[in-house]
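As stored in start-v7.cif (mmCIF, C-alpha atoms):
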```cif
data_work
loop_
_atom_site.label_atom_id
_atom_site.label_comp_id
_atom_site.auth_asym_id
_atom_site.auth_seq_id
_atom_site.Cartn_x
_atom_site.Cartn_y
_atom_site.Cartn_z
CA MET A 15 105.08 195.22 145.31
CA ILE A 16 101.63 194.14 144.22
CA LYS A 17 99.61 197.23 143.50
CA LYS A 18 96.04 197.38 144.89
CA THR A 19 95.04 200.93 144.05
CA VAL A 20 91.92 201.76 142.08
CA SER A 21 91.18 205.29 140.96
CA ASN A 22 87.86 205.94 142.67
CA VAL A 23 84.89 204.52 144.53
CA ARG A 24 83.11 203.50 141.29
CA GLU A 25 86.00 201.32 140.22
CA ALA A 26 86.34 200.02 143.80
CA CYS A 27 82.75 198.76 143.74
CA GLU A 28 83.00 196.93 140.37
CA GLY A 29 81.31 193.55 140.49
CA ILE A 30 78.77 194.20 143.19
CA GLU A 31 75.37 192.73 142.42
CA ASP A 32 71.88 192.53 143.83
CA GLY A 33 71.45 189.83 146.47
CA MET A 34 75.08 189.79 147.63
CA THR A 35 76.34 189.69 151.22
CA PHE A 36 78.50 192.60 152.38
CA MET A 37 80.57 193.15 155.52
CA LEU A 38 80.82 196.80 156.54
CA GLY A 39 83.25 198.06 159.19
CA GLY A 40 82.46 200.65 161.82
CA PHE A 41 81.05 201.01 165.32
CA GLY A 42 78.12 203.39 165.40
CA LEU A 43 79.15 206.04 162.88
CA CYS A 44 82.81 205.75 163.86
CA GLY A 45 85.07 204.26 161.18
CA ILE A 46 82.35 203.51 158.62
CA PRO A 47 83.19 203.36 154.88
CA GLU A 48 81.25 206.54 154.06
CA ASN A 49 82.19 206.83 150.40
CA ILE A 50 81.35 203.19 149.64
CA ILE A 51 77.99 203.45 151.41
CA ASN A 52 77.15 206.48 149.26
CA GLU A 53 78.10 204.49 146.17
CA LEU A 54 75.87 201.57 147.20
CA VAL A 55 73.01 204.05 147.56
CA ARG A 56 73.81 205.64 144.17
CA ARG A 57 73.89 202.25 142.42
CA ASN A 58 70.61 201.33 144.12
CA ILE A 59 71.86 197.81 144.69
CA GLN A 60 68.97 195.66 145.98
CA ASN A 61 68.25 192.76 148.36
CA VAL A 62 71.60 192.86 150.06
CA THR A 63 72.57 191.20 153.33
CA CYS A 64 74.70 193.50 155.50
CA ILE A 65 76.99 192.28 158.26
CA SER A 66 77.67 195.37 160.37
CA ASN A 67 77.73 195.94 164.11
CA ASN A 68 75.18 198.76 163.82
CA ALA A 69 72.82 200.06 161.17
CA GLY A 70 73.69 203.75 161.12
CA VAL A 71 71.21 206.49 161.99
CA ASP A 72 68.16 207.58 160.00
CA ASP A 73 70.05 209.91 157.65
CA PHE A 74 73.65 208.68 157.75
CA GLY A 75 75.65 205.49 157.34
CA LEU A 76 73.68 202.32 156.62
CA GLY A 77 70.52 204.24 157.48
CA LEU A 78 70.74 205.64 153.94
CA LEU A 79 70.39 202.13 152.45
CA LEU A 80 67.62 201.28 154.89
CA LYS A 81 65.64 204.32 153.88
CA LYS A 82 65.69 203.15 150.27
CA HIS A 83 64.73 199.59 151.24
CA GLN A 84 67.92 198.16 149.73
CA ILE A 85 68.62 195.83 152.65
CA LYS A 86 66.99 192.39 152.77
CA LYS A 87 68.75 191.23 155.91
CA MET A 88 70.88 192.83 158.64
CA ILE A 89 73.30 190.89 160.83
CA SER A 90 74.19 193.17 163.75
CA SER A 91 74.69 193.28 167.50
CA TYR A 92 73.00 196.60 168.27
CA VAL A 93 70.53 198.59 166.22
CA GLY A 94 69.13 200.94 168.85
CA GLU A 95 69.78 204.32 167.25
CA ASN A 96 67.66 203.90 164.15
CA ALA A 97 63.88 204.39 164.18
CA GLU A 98 63.41 203.30 160.55
CA PHE A 99 65.34 200.12 161.29
CA GLU A 100 63.05 199.26 164.17
CA ARG A 101 60.00 199.93 162.01
CA GLN A 102 61.19 197.70 159.14
CA MET A 103 62.16 194.95 161.55
CA LEU A 104 58.92 194.93 163.56
CA SER A 105 56.83 195.07 160.37
CA GLY A 106 58.77 192.14 158.90
CA GLU A 107 59.96 194.09 155.82
CA MET A 108 63.53 193.31 156.76
CA GLU A 109 65.06 190.19 158.26
CA VAL A 110 67.35 190.71 161.25
CA GLU A 111 69.85 188.40 162.91
CA LEU A 112 71.09 189.77 166.22
CA VAL A 113 74.50 188.43 167.19
CA PRO A 114 76.53 189.11 170.36
CA GLN A 115 79.20 191.68 169.56
CA GLY A 116 82.21 189.51 170.33
CA THR A 117 80.69 186.65 168.36
CA LEU A 118 80.13 189.00 165.41
CA ALA A 119 83.80 190.04 165.43
CA GLN A 120 84.98 186.44 165.76
CA ARG A 121 82.72 185.21 162.95
CA CYS A 122 84.44 187.78 160.72
CA GLU A 123 87.93 186.91 161.88
CA SER A 124 87.29 183.19 161.61
CA ALA A 125 86.24 183.68 157.98
CA ARG A 126 89.54 185.46 157.34
CA ASN A 127 91.67 182.97 159.26
CA GLY A 128 90.19 179.78 157.83
CA PHE A 129 88.26 178.54 160.84
CA PRO A 130 84.81 177.26 159.81
CA ALA A 131 83.46 177.59 163.36
CA PHE A 132 84.39 178.21 166.99
CA PHE A 133 82.94 177.79 170.48
CA THR A 134 82.01 180.76 172.65
CA PRO A 135 80.19 180.99 175.99
CA ALA A 136 78.28 184.07 174.75
CA GLY A 137 74.57 183.41 174.44
CA TYR A 138 74.57 180.00 176.09
CA GLY A 139 71.14 179.40 177.68
CA THR A 140 69.59 182.28 175.70
CA GLU A 141 67.60 182.47 172.47
CA VAL A 142 70.87 183.11 170.59
CA ALA A 143 71.87 179.48 171.20
CA GLU A 144 68.59 178.00 169.94
CA GLY A 145 69.22 175.36 167.28
CA LYS A 146 72.99 175.55 167.69
CA GLU A 147 75.39 172.87 168.86
CA THR A 148 76.53 173.30 172.47
CA ARG A 149 79.40 171.58 174.20
CA GLU A 150 81.05 171.47 177.61
CA PHE A 151 84.72 172.29 178.01
CA ASN A 152 86.32 172.20 181.49
CA GLY A 153 82.93 172.35 183.18
CA LYS A 154 81.62 175.37 181.26
CA MET A 155 79.07 175.39 178.44
CA TYR A 156 79.81 176.85 175.01
CA VAL A 157 77.84 177.51 171.81
CA MET A 158 79.20 176.71 168.36
CA GLU A 159 79.14 179.69 166.01
CA GLU A 160 80.04 179.57 162.32
CA ALA A 161 82.29 181.84 160.28
CA PHE A 162 80.52 184.29 157.99
CA LYS A 163 80.51 183.92 154.22
CA ALA A 164 80.46 187.22 152.38
CA ASP A 165 81.04 188.50 148.84
CA PHE A 166 82.59 191.87 149.70
CA SER A 167 84.16 193.42 152.80
CA PHE A 168 84.02 197.21 152.85
CA VAL A 169 86.37 198.77 155.37
CA LYS A 170 87.62 202.22 156.28
CA ALA A 171 91.17 202.97 157.45
CA TRP A 172 93.00 206.17 158.29
CA LYS A 173 96.08 205.61 156.14
CA GLY A 174 96.89 203.08 153.49
CA ASP A 175 99.51 202.55 150.81
CA GLU A 176 99.50 201.30 147.21
CA ALA A 177 100.21 197.76 148.44
CA GLY A 178 96.96 197.73 150.44
CA ASN A 179 98.63 197.98 153.85
CA LEU A 180 96.38 199.69 156.38
CA ILE A 181 96.70 201.76 159.54
CA PHE A 182 93.65 202.64 161.61
CA LYS A 183 93.13 205.54 163.99
CA GLY A 184 91.65 205.58 167.50
CA THR A 185 88.46 203.64 168.04
CA ALA A 186 87.65 203.92 164.32
CA ARG A 187 89.57 200.64 164.13
CA ASN A 188 86.76 198.53 165.70
CA PHE A 189 85.45 195.87 163.25
CA ASN A 190 87.48 197.02 160.25
CA PRO A 191 90.60 194.85 160.75
CA SER A 192 88.53 191.73 161.49
CA MET A 193 86.64 192.16 158.22
CA CYS A 194 89.78 192.50 156.07
CA GLY A 195 90.26 189.29 154.12
CA ALA A 196 87.01 187.88 155.49
CA ALA A 197 85.09 188.12 152.19
CA LYS A 198 85.93 187.13 148.62
CA ILE A 199 86.99 190.72 147.89
CA THR A 200 88.04 193.33 150.46
CA VAL A 201 87.76 196.98 149.47
CA ALA A 202 89.44 199.56 151.70
CA GLU A 203 88.77 203.29 151.59
CA VAL A 204 91.32 205.48 153.33
CA GLU A 205 91.64 209.13 154.29
CA HIS A 206 95.25 209.25 153.15
CA LEU A 207 96.63 207.04 150.38
CA VAL A 208 100.43 207.11 150.18
CA PRO A 209 103.04 205.50 147.90
CA ALA A 210 104.53 202.17 148.94
CA GLY A 211 107.50 202.70 151.25
CA GLU A 212 106.06 205.66 153.11
CA LEU A 213 104.46 203.63 155.88
CA ASP A 214 106.78 202.04 158.43
CA PRO A 215 106.20 198.26 158.13
CA ASN A 216 106.37 198.11 161.94
CA HIS A 217 103.25 200.22 162.16
CA ILE A 218 101.00 198.35 159.73
CA HIS A 219 97.82 197.02 161.38
CA ILE A 220 96.58 195.01 158.40
CA PRO A 221 98.95 193.67 155.71
CA GLY A 222 97.98 194.23 152.08
CA ILE A 223 97.48 190.52 151.40
CA PHE A 224 94.03 190.90 152.98
CA VAL A 225 93.05 193.85 150.76
CA GLN A 226 92.23 193.58 147.04
CA ARG A 227 91.33 197.20 146.27
CA ILE A 228 92.25 200.47 147.93
CA PHE A 229 91.32 204.08 147.18
CA GLN A 230 91.32 207.46 148.86
CA GLY A 231 87.82 208.61 149.81
CA GLU A 232 86.72 211.83 148.17
CA LYS A 233 85.45 213.38 151.40
CA TYR A 234 84.71 212.41 154.99
CA GLU A 235 81.93 213.85 157.09
CA LYS A 236 82.81 211.72 160.17
CA ARG A 237 79.63 212.58 161.95
CA ILE A 238 79.59 212.37 165.76
CA GLU A 239 76.66 210.41 167.18
CA GLN A 240 76.79 211.57 170.82
CA LEU A 241 78.77 214.74 171.36
CA THR A 242 79.82 214.76 175.00
CA VAL A 243 82.22 217.42 176.30
CA ARG A 244 83.27 218.98 179.60
CA LYS A 245 83.64 222.66 180.29
CA ARG A 246 87.01 224.26 180.88
CA ASN A 247 87.26 225.75 184.35
CA MET B 3 66.01 207.02 201.72
CA ALA B 4 66.53 205.22 198.43
CA LEU B 5 69.83 206.06 196.76
CA SER B 6 70.15 208.29 193.72
CA LYS B 7 71.80 206.82 190.62
CA GLU B 8 74.97 208.73 191.53
CA GLN B 9 74.96 207.16 194.99
CA ILE B 10 74.55 203.66 193.53
CA ALA B 11 77.60 204.40 191.37
CA GLN B 12 79.45 205.76 194.41
CA ARG B 13 78.80 202.57 196.38
CA ILE B 14 79.92 200.37 193.47
CA ALA B 15 83.10 202.42 193.10
CA LYS B 16 84.21 200.93 196.45
CA GLU B 17 84.37 197.52 194.73
CA VAL B 18 86.95 198.81 192.24
CA LYS B 19 90.38 197.79 193.49
CA ASP B 20 93.93 198.87 192.73
CA GLY B 21 95.23 197.30 189.51
CA TYR B 22 91.80 196.45 188.09
CA TYR B 23 90.86 196.58 184.41
CA VAL B 24 87.16 197.46 184.44
CA ASN B 25 84.43 197.38 181.80
CA LEU B 26 81.55 199.77 182.44
CA GLY B 27 78.16 199.35 180.79
CA ILE B 28 75.88 202.16 179.66
CA GLY B 29 73.77 204.09 182.24
CA ILE B 30 74.51 203.98 185.97
CA PRO B 31 77.75 201.95 185.41
CA THR B 32 79.25 204.81 183.37
CA LEU B 33 78.93 207.06 186.45
CA VAL B 34 81.15 204.73 188.50
CA ALA B 35 84.27 206.21 186.88
CA ASN B 36 83.52 209.54 188.61
CA PHE B 37 83.78 208.02 192.09
CA VAL B 38 86.83 205.77 191.90
CA ARG B 39 89.50 206.74 194.47
CA HIS B 40 92.31 208.81 193.04
CA ASP B 41 95.03 206.99 194.96
CA ILE B 42 94.55 203.68 193.10
CA SER B 43 95.44 202.71 189.52
CA VAL B 44 92.52 201.52 187.41
CA GLU B 45 92.05 201.28 183.64
CA PHE B 46 88.65 201.41 182.00
CA GLN B 47 88.02 199.25 178.95
CA SER B 48 85.39 200.15 176.41
CA GLU B 49 84.55 197.18 174.23
CA ASN B 50 84.58 199.13 170.98
CA GLY B 51 88.37 199.16 171.34
CA ILE B 52 90.12 201.22 174.01
CA LEU B 53 91.88 200.55 177.29
CA GLY B 54 92.70 203.60 179.36
CA MET B 55 89.56 205.55 178.59
CA GLY B 56 89.59 209.10 179.99
CA PRO B 57 86.91 211.72 180.66
CA PHE B 58 84.89 213.59 178.03
CA PRO B 59 87.02 215.98 175.93
CA PHE B 60 87.05 219.72 176.49
CA GLU B 61 84.71 221.63 174.21
CA GLY B 62 86.23 221.90 170.74
CA GLU B 63 88.69 219.05 171.30
CA GLU B 64 86.29 216.21 170.44
CA ASP B 65 87.55 213.63 167.94
CA PRO B 66 85.01 211.66 165.86
CA ASP B 67 87.52 208.77 165.80
CA LEU B 68 87.54 208.50 169.58
CA ILE B 69 84.32 207.27 171.19
CA ASN B 70 83.19 204.82 173.87
CA ALA B 71 80.73 201.93 173.61
CA GLY B 72 77.88 204.39 174.21
CA LYS B 73 79.06 206.29 171.09
CA GLN B 74 80.02 209.28 173.25
CA THR B 75 83.14 211.32 172.51
CA ILE B 76 85.90 210.54 175.03
CA THR B 77 89.63 211.01 175.59
CA ALA B 78 92.50 208.57 175.98
CA LEU B 79 94.67 208.76 179.10
CA PRO B 80 98.47 208.32 179.14
CA GLY B 81 99.16 204.59 178.77
CA ALA B 82 95.97 204.00 176.74
CA SER B 83 95.81 201.59 173.81
CA PHE B 84 93.49 200.98 170.87
CA PHE B 85 92.63 197.60 169.40
CA ASP B 86 90.09 195.90 167.14
CA SER B 87 86.78 194.35 168.19
CA ALA B 88 87.99 190.76 168.01
CA MET B 89 90.89 191.50 170.35
CA SER B 90 88.63 193.53 172.61
CA PHE B 91 86.33 190.56 173.09
CA GLY B 92 89.38 188.34 173.46
CA MET B 93 90.18 190.43 176.55
CA ILE B 94 86.64 189.89 177.78
CA ARG B 95 86.17 186.23 176.81
CA GLY B 96 89.67 185.34 177.99
CA GLN B 97 88.88 186.84 181.41
CA HIS B 98 91.61 189.45 181.33
CA VAL B 99 89.14 192.13 182.44
CA ASP B 100 88.84 192.04 186.25
CA LEU B 101 85.44 193.60 186.81
CA THR B 102 82.33 194.12 184.71
CA ILE B 103 79.62 196.52 185.85
CA LEU B 104 76.37 196.58 183.92
CA GLY B 105 72.70 197.41 184.18
CA ALA B 106 69.77 194.99 184.11
CA MET B 107 66.02 194.87 183.66
CA GLU B 108 65.72 191.68 185.71
CA VAL B 109 67.99 189.47 187.81
CA ALA B 110 66.96 186.04 189.07
CA GLN B 111 68.04 184.38 192.31
CA ASN B 112 70.06 181.78 190.39
CA GLY B 113 72.15 184.54 188.81
CA ASP B 114 70.33 184.76 185.48
CA ILE B 115 70.18 188.25 183.95
CA ALA B 116 67.87 189.85 181.37
CA ASN B 117 68.76 193.24 179.95
CA TRP B 118 68.52 193.26 176.16
CA LYS B 119 65.03 192.74 174.87
CA ILE B 120 61.35 193.31 175.62
CA PRO B 121 59.49 191.19 173.06
CA GLY B 122 57.31 193.26 170.75
CA LYS B 123 58.42 196.52 172.37
CA MET B 124 62.11 197.08 172.50
CA VAL B 125 64.45 195.27 170.14
CA LYS B 126 67.73 197.10 170.16
CA GLY B 127 70.09 194.14 170.33
CA MET B 128 72.44 192.74 172.95
CA GLY B 129 75.60 194.57 171.88
CA GLY B 130 78.43 193.13 173.97
CA ALA B 131 76.29 192.22 176.98
CA MET B 132 76.05 188.48 176.25
CA ASP B 133 79.81 188.18 175.75
CA LEU B 134 80.45 190.13 178.95
CA VAL B 135 78.10 188.23 181.26
CA SER B 136 79.03 184.78 179.93
CA SER B 137 82.75 185.32 180.43
CA ALA B 138 83.35 187.68 183.33
CA GLU B 139 84.18 186.12 186.71
CA ASN B 140 83.32 189.27 188.59
CA ILE B 141 80.06 190.94 187.57
CA ILE B 142 78.24 193.64 189.50
CA VAL B 143 74.76 194.63 188.42
CA ALA B 144 73.77 198.26 188.98
CA MET B 145 70.04 198.89 188.84
CA LEU B 146 66.97 200.19 190.61
CA HIS B 147 65.32 197.64 192.88
CA THR B 148 61.92 197.99 191.21
CA ASN B 149 60.73 198.99 187.75
CA ARG B 150 58.60 202.02 186.84
CA ALA B 151 55.44 200.09 187.69
CA GLY B 152 56.85 199.41 191.16
CA GLU B 153 57.42 195.70 190.45
CA SER B 154 60.48 193.92 191.79
CA LYS B 155 63.42 193.40 189.42
CA LEU B 156 64.91 190.74 191.73
CA LEU B 157 62.94 187.67 190.82
CA LYS B 158 62.65 183.93 191.36
CA ARG B 159 62.96 183.54 187.59
CA CYS B 160 63.46 186.11 184.84
CA ALA B 161 60.38 186.69 182.68
CA LEU B 162 62.21 188.55 179.89
CA PRO B 163 64.51 186.88 177.34
CA LEU B 164 67.82 186.07 179.04
CA THR B 165 71.15 187.72 178.41
CA GLY B 166 73.08 185.10 180.38
CA VAL B 167 72.60 182.27 182.87
CA ASN B 168 74.01 181.78 186.39
CA CYS B 169 76.40 184.67 186.07
CA VAL B 170 75.47 187.51 188.46
CA LYS B 171 77.02 187.35 191.92
CA LYS B 172 76.53 190.88 193.26
CA ILE B 173 73.81 193.51 192.85
CA VAL B 174 73.75 197.11 194.03
CA THR B 175 70.35 198.79 193.90
CA ASP B 176 68.90 202.01 195.24
CA LEU B 177 67.83 200.06 198.33
CA ALA B 178 70.47 197.45 199.03
CA VAL B 179 73.65 195.51 198.32
CA LEU B 180 72.89 191.85 197.69
CA GLU B 181 74.90 188.75 196.82
CA ILE B 182 73.69 185.61 195.10
CA GLN B 183 74.65 182.35 196.78
CA ASP B 184 73.11 178.88 196.64
CA GLY B 185 70.27 180.09 194.44
CA LYS B 186 69.10 182.85 196.76
CA PHE B 187 69.54 186.60 197.25
CA HIS B 188 71.51 187.40 200.42
CA LEU B 189 71.02 190.87 201.87
CA ARG B 190 74.41 192.36 202.79
CA GLU B 191 73.83 196.10 203.21
CA ARG B 192 70.89 198.46 203.13
CA ALA B 193 70.71 202.06 201.92
CA PRO B 194 70.87 204.57 204.80
CA GLY B 195 67.46 204.87 206.40
CA VAL B 196 65.91 202.02 204.38
CA SER B 197 64.43 199.24 206.53
CA VAL B 198 64.96 195.54 205.99
CA GLU B 199 61.18 195.30 205.70
CA THR B 200 61.14 197.74 202.75
CA ILE B 201 63.80 195.68 200.95
CA LYS B 202 61.93 192.45 201.68
CA ASN B 203 58.73 193.88 200.21
CA ALA B 204 60.56 195.05 197.09
CA THR B 205 62.20 191.66 196.46
CA GLU B 206 60.15 188.96 194.76
CA GLY B 207 62.88 186.30 194.87
CA ASP B 208 63.94 184.40 198.00
CA LEU B 209 65.79 186.79 200.29
CA VAL B 210 68.11 185.56 203.05
CA ILE B 211 68.56 187.98 205.95
CA GLU B 212 71.21 186.96 208.46
CA GLY B 213 71.80 189.01 211.62
CA ASP B 214 71.90 192.78 211.65
CA ILE B 215 72.14 194.27 208.19
CA PRO B 216 74.47 197.27 208.25
CA GLU B 217 73.84 200.50 206.39
CA MET B 218 75.99 201.19 203.34
CA LYS B 219 79.04 203.36 203.84
CA PHE B 220 80.38 205.60 201.12
#
```
Written as structure tokens, that's how I'd like the structure from this file.
Amino acid sequence: MIKKTVSNVREACEGIEDGMTFMLGGFGLCGIPENIINELVRRNIQNVTCISNNAGVDDFGLGLLLKKHQIKKMISSYVGENAEFERQMLSGEMEVELVPQGTLAQRCESARNGFPAFFTPAGYGTEVAEGKETREFNGKMYVMEEAFKADFSFVKAWKGDEAGNLIFKGTARNFNPSMCGAAKITVAEVEHLVPAGELDPNHIHIPGIFVQRIFQGEKYEKRIEQLTVRKRN
Amino acid sequence: MALSKEQIAQRIAKEVKDGYYVNLGIGIPTLVANFVRHDISVEFQSENGILGMGPFPFEGEEDPDLINAGKQTITALPGASFFDSAMSFGMIRGQHVDLTILGAMEVAQNGDIANWKIPGKMVKGMGGAMDLVSSAENIIVAMLHTNRAGESKLLKRCALPLTGVNCVKKIVTDLAVLEIQDGKFHLRERAPGVSVETIKNATEGDLVIEGDIPEMKF
């Protein structure tokens, strides 16, 4: 067994530098690496490029980095819930690349799986396809999209073991698996870190080969963005 | 009388057939789930990673790790499954989802759709909309026939930045059910009590009216 555990978030974030490109898992505030984001804020790392489906809300998730002007460029599919984001984008303080959601996921996975590029129909005939190669296959038009290149992937899983194997829960899975192994170094934070042998190998979602560092997060707020409930009769 | 948003959803629910996997967009499309017949089997896909999405949880039973694409807390029905974003869009891109229902700001008579950006005003991003409209075989647009300023949303050409090209085939508005064929809108049904003339006046694009246009049935 190759051991991937580090003792805490500080050790997990060793080697991060200003100007790097990070992938961050999560959809909305669901399944985001909360402890790592807090550490990035604490270290006041600057001029980073963040690949993340969303940009958090004003006072949680990536919104915390935005507030401190740590982000140079965001690569996302939807940024609607964050007023400060919109302000920084419209004023030109921050660069933004909007990418269709499925393309975003595939650009992560392609980086992991060794594909330099792929063709997708998403965005053909729109401004997303401007300047990109297009090609016809079986009578339908496709746009060529390239794999991402990133320095660190920061992901959040529900359970993990010392070998870096990961299991996700519910829809907190989202972009996290696709980002594992998609950067030079993948750091996973988990709610429950267990010894090797405790997880059933049949139930592993992401094998440890794609994870370089793993630690148990100190605490999880797991904030709900839109609480919707129904009344009991 | 023009339909309410609930009634638009109710009319669209009739298009949902037994055995369908369905992706619902945010807004009016979300309401469609409330009107699907109970005697057919349908599974709702939410592109953040669930098939078999159920209703909102009971108070106190909400789970922050279980949300839909609108970031709302939801439940999972028996037979549900979770998966990652790449697989989710594999389902969509690979045309395994039978029906996609989404909203729009503009639809053009050639099937172009615009629903993600108003330059200089609203820049929220396209989310999964571009993947959905470029891949789905069966897309229904749910929207109001005119915008807040009273201008038609069914146009000769879209003015706003496009989400996808030549992809919309059916539109259900508060006034009518229309299909797109041969580069024109074809009027199929009208809302109860709404005249063909009213629909004609509210449609900027070319509108084909053949024979008597029946009223919608719910």
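The interatomic distance for the pair atom CA of A:Ser167 and atom CA of A:Phe36 works out to 5.7 Å.
Take atom CA of A:Arg126 and atom CA of B:Val135: the distance between them is 26.7 Å.
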When the PyMOL selection byres ((chain A) within 7 of (chain B)) is applied to the structure above, which residues does it catch, written out as a PyMOL selection string?
chain A and resi 41-42+44-45+91-94+112+114-116+119-120+135-140+183-189+191-192+236-246
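The shell of residues at most 8 Å from B:Gly113, with all atoms listed in the file counted and near chain neighbours (fewer than 6 positions) removed, consists of Val167, Asn168, Cys169, Val170, Lys171, Ile182 and Gly185 of chain B.
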Would you mind listing what lies within 10 Å of A:Lys81 as a PyMOL selection string, with all atoms listed in the file counted and same-chain residues fewer than 5 positions away left out?
chain A and resi 55+72-74+76+98-99+102
